[in-house]
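Only one structure is covered here, and it is reproduced in the block below.
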Amino acid sequence: MEKTILITGAGSGLGKGAALGLAEKGHRVIAPVETAPQVTSLREEAKAKGVDLEVFKMDIKNPQDLAQMLEYDFDIFVANAAINEGGPLAEVPMMNFRELFEVNVFSTLETAQIAARKFVEKGKGKIIFISSMAGITTTPYVGPYTATKHAIEGIAATMQKELEGFGVQVATINPGAFETGFNDRSAEAKWKWYDEGIHFTKKEDMEEADQALENQFDPADMIEKMIEIIPLDSHKYRTVYPPETEKQMKEEEAKLWDMEI
């Protein structure tokens with residue numbers, strides 16, 4: 001059955017792929033993007049693929065932009081917009097850390113609140129938070145982003161309990177490490193402020209950690225999984241992909257119960 005789906009952060013990466021793919025499947029997709037150039041780019045790509053997308057600029061930090069959500073009626077809300085930056089938590093500039101929380105947590109929750117009110121009034125609807133394996137696992141020098149996604153996990157799980165009685169579904173999708181450029185840009189960002197002469201974190205340790213990005217997954221597979229899950233009337237609360245990432249997440253959670261320091 002055709003659904004109306006609003007997905008934030010549709011201008012790049014997994015969000016863009018999912019928006020285009022869902023539209024190709026016949027769903028009505030509302031696809032706000034962060035910047036004006038992304039509007040033009042996404043509209044052109046949709047036209048080239050022969051699909052209809054409702055594309056407009058909506059920086060989720062901008063109250064005027066955010067007000068546009070009120071104008072739309074939709075069945076499913078996908079909170080996908082996010083930014084990423086790495087670096088050691090003991091030394092990351094707090095301005096950078098706050099910016100990640102402003103986008104990934106506070107502004108994301110604000111969009112979810114708008115969707116929740118709409119769905120409660122209708123007595124049905126679904127909110128999907130695009131979380132991450134980083135919402136459950138931890139990786140050295142990915143702490144700033146990890147902290148925001150751990151917060152999203154808490155938000156999603158709590159809202160699931162609070163909204164269930166109103167007929168509103170809440171779920172998460174937790175991708176592993178996919179080669180969209182999102183993770184690579186995060187790894188690069190820390191070098192803008194890191195100074196080997198000032199900071200105690202060893203440069204070689206961070207460089208070694210960055211090498212893990214050489215083995216990222218094909219984003220086409222994750223996009224296909226998102227296209228499958230998002231429109232469904234019923235599915236698991238948490239969808240992790242690929243399966244090896246789910247296994248890794250469960251193993252890391254289990255280890256924490258027995259870990260000693």
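Letters for chains follow the order of the structure tokens (A, B, ...), residue numbers begin at 1 for each chain, and ligand numbers begin at 1 in the order shown.
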Within 8 Å of Ala171 (chain A) using only C-alpha atoms, minus same-chain residues under 4 positions, as a PyMOL selection string:
chain A and resi 126-129+156-157+160+236-238
Given the selection you just returned, output its residues as a file containing N, CA, C and O atoms, formatted as a compact mmCIF listing (two decimals), in the first residue's frame.
```txt
# COMPACT_ATOMS: atom_id res chain seq x y z
N LYS A 126 4.04 6.46 12.23
CA LYS A 126 5.29 5.79 12.62
C LYS A 126 6.46 6.75 12.53
O LYS A 126 6.62 7.47 11.54
N ILE A 127 7.27 6.76 13.59
CA ILE A 127 8.51 7.54 13.64
C ILE A 127 9.67 6.56 13.61
O ILE A 127 9.74 5.66 14.46
N ILE A 128 10.57 6.74 12.66
CA ILE A 128 11.79 5.93 12.59
C ILE A 128 12.99 6.83 12.77
O ILE A 128 13.20 7.77 12.01
N PHE A 129 13.77 6.54 13.79
CA PHE A 129 15.02 7.26 14.00
C PHE A 129 16.14 6.49 13.29
O PHE A 129 16.34 5.30 13.56
N ALA A 156 14.47 7.27 21.45
CA ALA A 156 13.59 6.38 20.69
C ALA A 156 12.91 5.35 21.59
O ALA A 156 11.70 5.11 21.48
N ALA A 157 13.68 4.72 22.46
CA ALA A 157 13.12 3.68 23.32
C ALA A 157 12.08 4.26 24.27
O ALA A 157 11.05 3.63 24.56
N GLN A 160 8.92 5.22 22.30
CA GLN A 160 8.17 4.01 21.92
C GLN A 160 7.19 3.64 23.02
O GLN A 160 6.02 3.33 22.76
N LYS A 236 10.47 -5.29 13.39
CA LYS A 236 11.17 -5.22 14.66
C LYS A 236 11.41 -3.76 15.08
O LYS A 236 11.57 -2.88 14.23
N TYR A 237 11.45 -3.55 16.38
CA TYR A 237 11.73 -2.21 16.90
C TYR A 237 13.09 -1.72 16.38
O TYR A 237 13.21 -0.57 15.95
N ARG A 238 14.10 -2.57 16.43
CA ARG A 238 15.44 -2.18 15.97
C ARG A 238 15.83 -3.02 14.77
O ARG A 238 15.81 -4.25 14.84
```
List as JSON, numbers by chain the protein and nucleic acid residues near region 201-214 of chain A, meaning an atom at most 12 Å away when only C-alpha atoms are counted, but skip any in the same chain fewer than 3 places from it.
{"A": [86, 87, 88, 89, 90, 91, 92, 139, 140, 141, 142, 176, 177, 178, 179, 180, 181, 182, 183, 184, 185, 186, 187, 188, 189, 190, 191, 194, 195, 196, 197, 198, 217, 218]}
Output N, CA and C atoms for every residue in that selection, as a compact mmCIF listing (two decimals), in the first residue's frame.
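Resulting contents of out.txt:
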```
# COMPACT_ATOMS: atom_id res chain seq x y z
N GLY A 86 34.56 13.22 14.41
CA GLY A 86 35.29 12.37 15.33
C GLY A 86 36.30 13.15 16.16
N GLY A 87 37.07 12.40 16.92
CA GLY A 87 38.10 12.99 17.77
C GLY A 87 38.03 12.41 19.17
N PRO A 88 39.12 12.52 19.93
CA PRO A 88 39.14 11.98 21.30
C PRO A 88 38.23 12.79 22.22
N LEU A 89 37.39 12.12 22.97
CA LEU A 89 36.42 12.82 23.82
C LEU A 89 37.10 13.66 24.91
N ALA A 90 38.26 13.24 25.36
CA ALA A 90 38.94 13.99 26.42
C ALA A 90 39.50 15.31 25.92
N GLU A 91 39.52 15.50 24.58
CA GLU A 91 40.13 16.72 24.05
C GLU A 91 39.32 17.43 22.97
N VAL A 92 38.21 16.86 22.55
CA VAL A 92 37.43 17.48 21.49
C VAL A 92 36.95 18.86 21.93
N THR A 139 33.59 3.16 19.66
CA THR A 139 34.84 3.04 18.92
C THR A 139 35.72 4.22 19.29
N PRO A 140 36.99 3.98 19.62
CA PRO A 140 37.86 5.11 19.95
C PRO A 140 37.88 6.16 18.85
N TYR A 141 37.82 7.42 19.28
CA TYR A 141 37.91 8.59 18.40
C TYR A 141 36.67 8.80 17.53
N VAL A 142 35.59 8.09 17.86
CA VAL A 142 34.30 8.35 17.22
C VAL A 142 33.31 8.78 18.31
N GLY A 176 25.42 -0.17 9.83
CA GLY A 176 26.83 -0.34 10.14
C GLY A 176 27.63 0.74 9.43
N ALA A 177 28.89 0.45 9.15
CA ALA A 177 29.76 1.44 8.49
C ALA A 177 29.64 1.30 6.97
N PHE A 178 28.98 2.26 6.35
CA PHE A 178 28.76 2.22 4.91
C PHE A 178 29.52 3.36 4.22
N GLU A 179 30.00 3.07 3.05
CA GLU A 179 30.89 4.00 2.34
C GLU A 179 30.11 5.06 1.56
N THR A 180 29.56 6.01 2.31
CA THR A 180 28.83 7.13 1.69
C THR A 180 29.67 8.41 1.70
N GLY A 181 30.81 8.38 2.39
CA GLY A 181 31.62 9.57 2.59
C GLY A 181 31.36 10.22 3.94
N PHE A 182 30.24 9.85 4.58
CA PHE A 182 29.85 10.42 5.87
C PHE A 182 30.90 10.13 6.94
N ASN A 183 31.35 8.89 7.01
CA ASN A 183 32.34 8.50 8.02
C ASN A 183 33.72 9.07 7.70
N ASP A 184 34.04 9.13 6.42
CA ASP A 184 35.35 9.65 6.02
C ASP A 184 35.48 11.13 6.37
N ARG A 185 34.40 11.90 6.13
CA ARG A 185 34.42 13.32 6.46
C ARG A 185 34.56 13.52 7.97
N SER A 186 33.96 12.62 8.73
CA SER A 186 34.08 12.68 10.19
C SER A 186 35.52 12.47 10.62
N ALA A 187 36.16 11.49 10.03
CA ALA A 187 37.55 11.18 10.40
C ALA A 187 38.48 12.35 10.04
N GLU A 188 38.18 13.02 8.95
CA GLU A 188 39.02 14.14 8.51
C GLU A 188 38.85 15.37 9.42
N ALA A 189 37.64 15.54 9.97
CA ALA A 189 37.31 16.77 10.69
C ALA A 189 38.22 17.04 11.88
N LYS A 190 38.64 15.99 12.57
CA LYS A 190 39.43 16.20 13.79
C LYS A 190 40.80 16.82 13.50
N TRP A 191 41.28 16.63 12.28
CA TRP A 191 42.60 17.17 11.96
C TRP A 191 42.58 18.68 11.80
N TYR A 194 43.15 19.40 15.79
CA TYR A 194 44.16 18.64 16.54
C TYR A 194 45.56 19.21 16.29
N ASP A 195 46.30 19.39 17.37
CA ASP A 195 47.67 19.89 17.30
C ASP A 195 48.55 18.96 18.13
N GLU A 196 49.45 18.29 17.45
CA GLU A 196 50.31 17.30 18.12
C GLU A 196 51.15 17.94 19.22
N GLY A 197 51.40 19.23 19.09
CA GLY A 197 52.22 19.92 20.09
C GLY A 197 51.44 20.30 21.34
N ILE A 198 50.11 20.24 21.24
CA ILE A 198 49.26 20.66 22.37
C ILE A 198 48.51 19.48 22.99
N PHE A 217 31.07 -0.95 4.04
CA PHE A 217 30.13 -1.71 3.22
C PHE A 217 29.57 -0.86 2.07
N ASP A 218 29.01 -1.55 1.09
CA ASP A 218 28.39 -0.91 -0.06
C ASP A 218 27.07 -0.29 0.38
```
Would you mind listing what lies within 10 Å of region 97-112 of chain A as an MDAnalysis selection string, with only C-alpha atoms counted and same-chain residues fewer than 4 positions away left out?
chainID A and resid 8 59:63 66:67 69 77:87 89 92:93 116:118 127:129 131 143:145 147:152 155:156 159
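Across the structure, CA of Ile76 (chain A) and CA of Val55 (chain A) are spaced 16.4 Å apart.
Every residue of region 124-242 of chain A with a DSSP assignment of strand (DSSP E), taken from the backbone, is listed as Gly125, Lys126, Ile127, Ile128, Phe129, Ile130, Val168, Gln169, Val170, Ala171, Thr172, Ile173, Asn174, Pro175, Arg238, Thr239, Val240 and Tyr241 of chain A.
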Output the selection as a tab-separated table (two decimals), in the first residue's frame - N, CA, C and O atoms for each residue.
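Output file result-v7.tsv is given in full below:
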```tsv
chain	number	residue	atom	x	y	z
A	125	GLY	N	0.50	6.40	13.03
A	125	GLY	CA	1.69	6.95	12.39
A	125	GLY	C	2.93	6.21	12.88
A	125	GLY	O	2.86	5.43	13.84
A	126	LYS	N	4.04	6.46	12.23
A	126	LYS	CA	5.29	5.79	12.62
A	126	LYS	C	6.46	6.75	12.53
A	126	LYS	O	6.62	7.47	11.54
A	127	ILE	N	7.27	6.76	13.59
A	127	ILE	CA	8.51	7.54	13.64
A	127	ILE	C	9.67	6.56	13.61
A	127	ILE	O	9.74	5.66	14.46
A	128	ILE	N	10.57	6.74	12.66
A	128	ILE	CA	11.79	5.93	12.59
A	128	ILE	C	12.99	6.83	12.77
A	128	ILE	O	13.20	7.77	12.01
A	129	PHE	N	13.77	6.54	13.79
A	129	PHE	CA	15.02	7.26	14.00
A	129	PHE	C	16.14	6.49	13.29
A	129	PHE	O	16.34	5.30	13.56
A	130	ILE	N	16.85	7.16	12.39
A	130	ILE	CA	18.04	6.54	11.81
A	130	ILE	C	19.16	6.72	12.81
A	130	ILE	O	19.77	7.78	12.93
A	168	VAL	N	0.87	5.24	17.98
A	168	VAL	CA	2.04	5.70	17.23
A	168	VAL	C	3.20	4.72	17.43
A	168	VAL	O	3.58	4.42	18.56
A	169	GLN	N	3.74	4.23	16.33
A	169	GLN	CA	4.87	3.32	16.36
A	169	GLN	C	6.18	4.11	16.37
A	169	GLN	O	6.28	5.16	15.74
A	170	VAL	N	7.18	3.59	17.08
A	170	VAL	CA	8.51	4.20	17.09
A	170	VAL	C	9.53	3.08	16.91
A	170	VAL	O	9.39	2.01	17.51
A	171	ALA	N	10.53	3.32	16.08
A	171	ALA	CA	11.54	2.30	15.80
A	171	ALA	C	12.87	2.96	15.46
A	171	ALA	O	12.94	4.18	15.25
A	172	THR	N	13.91	2.15	15.42
A	172	THR	CA	15.22	2.63	14.96
A	172	THR	C	15.72	1.76	13.81
A	172	THR	O	15.37	0.57	13.72
A	173	ILE	N	16.52	2.37	12.96
A	173	ILE	CA	17.31	1.64	11.98
A	173	ILE	C	18.76	1.97	12.27
A	173	ILE	O	19.12	3.14	12.38
A	174	ASN	N	19.58	0.94	12.43
A	174	ASN	CA	20.97	1.12	12.86
A	174	ASN	C	21.92	0.59	11.79
A	174	ASN	O	22.26	-0.60	11.79
A	175	PRO	N	22.36	1.45	10.88
A	175	PRO	CA	23.32	1.01	9.87
A	175	PRO	C	24.69	0.74	10.47
A	175	PRO	O	25.10	1.37	11.45
A	238	ARG	N	14.10	-2.57	16.43
A	238	ARG	CA	15.44	-2.18	15.97
A	238	ARG	C	15.83	-3.02	14.77
A	238	ARG	O	15.81	-4.25	14.84
A	239	THR	N	16.20	-2.36	13.69
A	239	THR	CA	16.69	-3.04	12.50
A	239	THR	C	18.16	-2.70	12.32
A	239	THR	O	18.52	-1.53	12.11
A	240	VAL	N	19.01	-3.69	12.45
A	240	VAL	CA	20.45	-3.50	12.27
A	240	VAL	C	20.87	-4.19	10.98
A	240	VAL	O	20.43	-5.30	10.68
A	241	TYR	N	21.71	-3.51	10.21
A	241	TYR	CA	22.20	-4.10	8.97
A	241	TYR	C	23.61	-3.59	8.72
A	241	TYR	O	23.89	-2.42	8.97
```
Of the listed residues A:Thr138, A:Thr146, A:Asn215, A:Thr40, that which approaches Glu253 (chain A) most closely, counting only C-alpha atoms
A:Thr138
Who sits within 10 Å of Arg43 (chain A), only C-alpha atoms, same chain under 3 positions skipped, as a PyMOL selection string:
chain A and resi 11+31+38-40+46-49+51-56
Any chance you could export the current selection's N, CA and C atoms as a PDB file, in the first residue's frame?
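The resulting file, out-v6.pdb, is shown below:
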```
ATOM      1  N   GLY A  11      19.319  14.960   1.229  1.00  0.00           N
ATOM      2  CA  GLY A  11      20.182  15.522   0.195  1.00  0.00           C
ATOM      3  C   GLY A  11      21.428  14.735  -0.108  1.00  0.00           C
ATOM      4  N   ALA A  31      10.926  15.085   0.745  1.00  0.00           N
ATOM      5  CA  ALA A  31      12.365  14.932   0.932  1.00  0.00           C
ATOM      6  C   ALA A  31      13.058  16.266   1.202  1.00  0.00           C
ATOM      7  N   GLN A  38      21.405  21.584  -2.591  1.00  0.00           N
ATOM      8  CA  GLN A  38      20.938  20.197  -2.548  1.00  0.00           C
ATOM      9  C   GLN A  38      19.533  20.064  -3.118  1.00  0.00           C
ATOM     10  N   VAL A  39      18.729  21.123  -3.001  1.00  0.00           N
ATOM     11  CA  VAL A  39      17.383  21.106  -3.577  1.00  0.00           C
ATOM     12  C   VAL A  39      17.480  20.906  -5.086  1.00  0.00           C
ATOM     13  N   THR A  40      18.299  21.720  -5.728  1.00  0.00           N
ATOM     14  CA  THR A  40      18.469  21.628  -7.177  1.00  0.00           C
ATOM     15  C   THR A  40      19.016  20.273  -7.583  1.00  0.00           C
ATOM     16  N   ALA A  46      16.065  13.196  -9.290  1.00  0.00           N
ATOM     17  CA  ALA A  46      14.736  12.571  -9.310  1.00  0.00           C
ATOM     18  C   ALA A  46      14.141  12.630 -10.716  1.00  0.00           C
ATOM     19  N   LYS A  47      14.289  13.765 -11.369  1.00  0.00           N
ATOM     20  CA  LYS A  47      13.773  13.918 -12.733  1.00  0.00           C
ATOM     21  C   LYS A  47      14.454  12.943 -13.681  1.00  0.00           C
ATOM     22  N   ALA A  48      15.769  12.782 -13.537  1.00  0.00           N
ATOM     23  CA  ALA A  48      16.521  11.866 -14.393  1.00  0.00           C
ATOM     24  C   ALA A  48      16.074  10.420 -14.195  1.00  0.00           C
ATOM     25  N   LYS A  49      15.641  10.095 -12.968  1.00  0.00           N
ATOM     26  CA  LYS A  49      15.177   8.745 -12.670  1.00  0.00           C
ATOM     27  C   LYS A  49      13.688   8.566 -12.967  1.00  0.00           C
ATOM     28  N   VAL A  51      11.122   9.921 -11.260  1.00  0.00           N
ATOM     29  CA  VAL A  51      10.314   9.774 -10.043  1.00  0.00           C
ATOM     30  C   VAL A  51       9.935  11.144  -9.507  1.00  0.00           C
ATOM     31  N   ASP A  52       8.845  11.182  -8.752  1.00  0.00           N
ATOM     32  CA  ASP A  52       8.383  12.423  -8.131  1.00  0.00           C
ATOM     33  C   ASP A  52       8.864  12.492  -6.691  1.00  0.00           C
ATOM     34  N   LEU A  53       9.546  13.584  -6.362  1.00  0.00           N
ATOM     35  CA  LEU A  53       9.950  13.866  -4.994  1.00  0.00           C
ATOM     36  C   LEU A  53       9.530  15.288  -4.665  1.00  0.00           C
ATOM     37  N   GLU A  54       9.052  15.509  -3.461  1.00  0.00           N
ATOM     38  CA  GLU A  54       8.755  16.862  -3.001  1.00  0.00           C
ATOM     39  C   GLU A  54       9.969  17.341  -2.218  1.00  0.00           C
ATOM     40  N   VAL A  55      10.776  18.159  -2.875  1.00  0.00           N
ATOM     41  CA  VAL A  55      12.060  18.570  -2.313  1.00  0.00           C
ATOM     42  C   VAL A  55      12.024  20.055  -1.935  1.00  0.00           C
ATOM     43  N   PHE A  56      12.497  20.361  -0.742  1.00  0.00           N
ATOM     44  CA  PHE A  56      12.613  21.754  -0.323  1.00  0.00           C
ATOM     45  C   PHE A  56      13.704  21.852   0.728  1.00  0.00           C
TER      46      PHE A  56
END
```
DSSP-assigned alpha helix (DSSP H) members of region 128-213 of chain A, reported as number ranges by chain
A: 143-163, 182-189, 203-210
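Using only C-alpha atoms for every distance, the candidate list A:Ala134, A:Val33, A:Ile223, A:His199 yields A:Ile223 as the residue closest to Leu20 (chain A).
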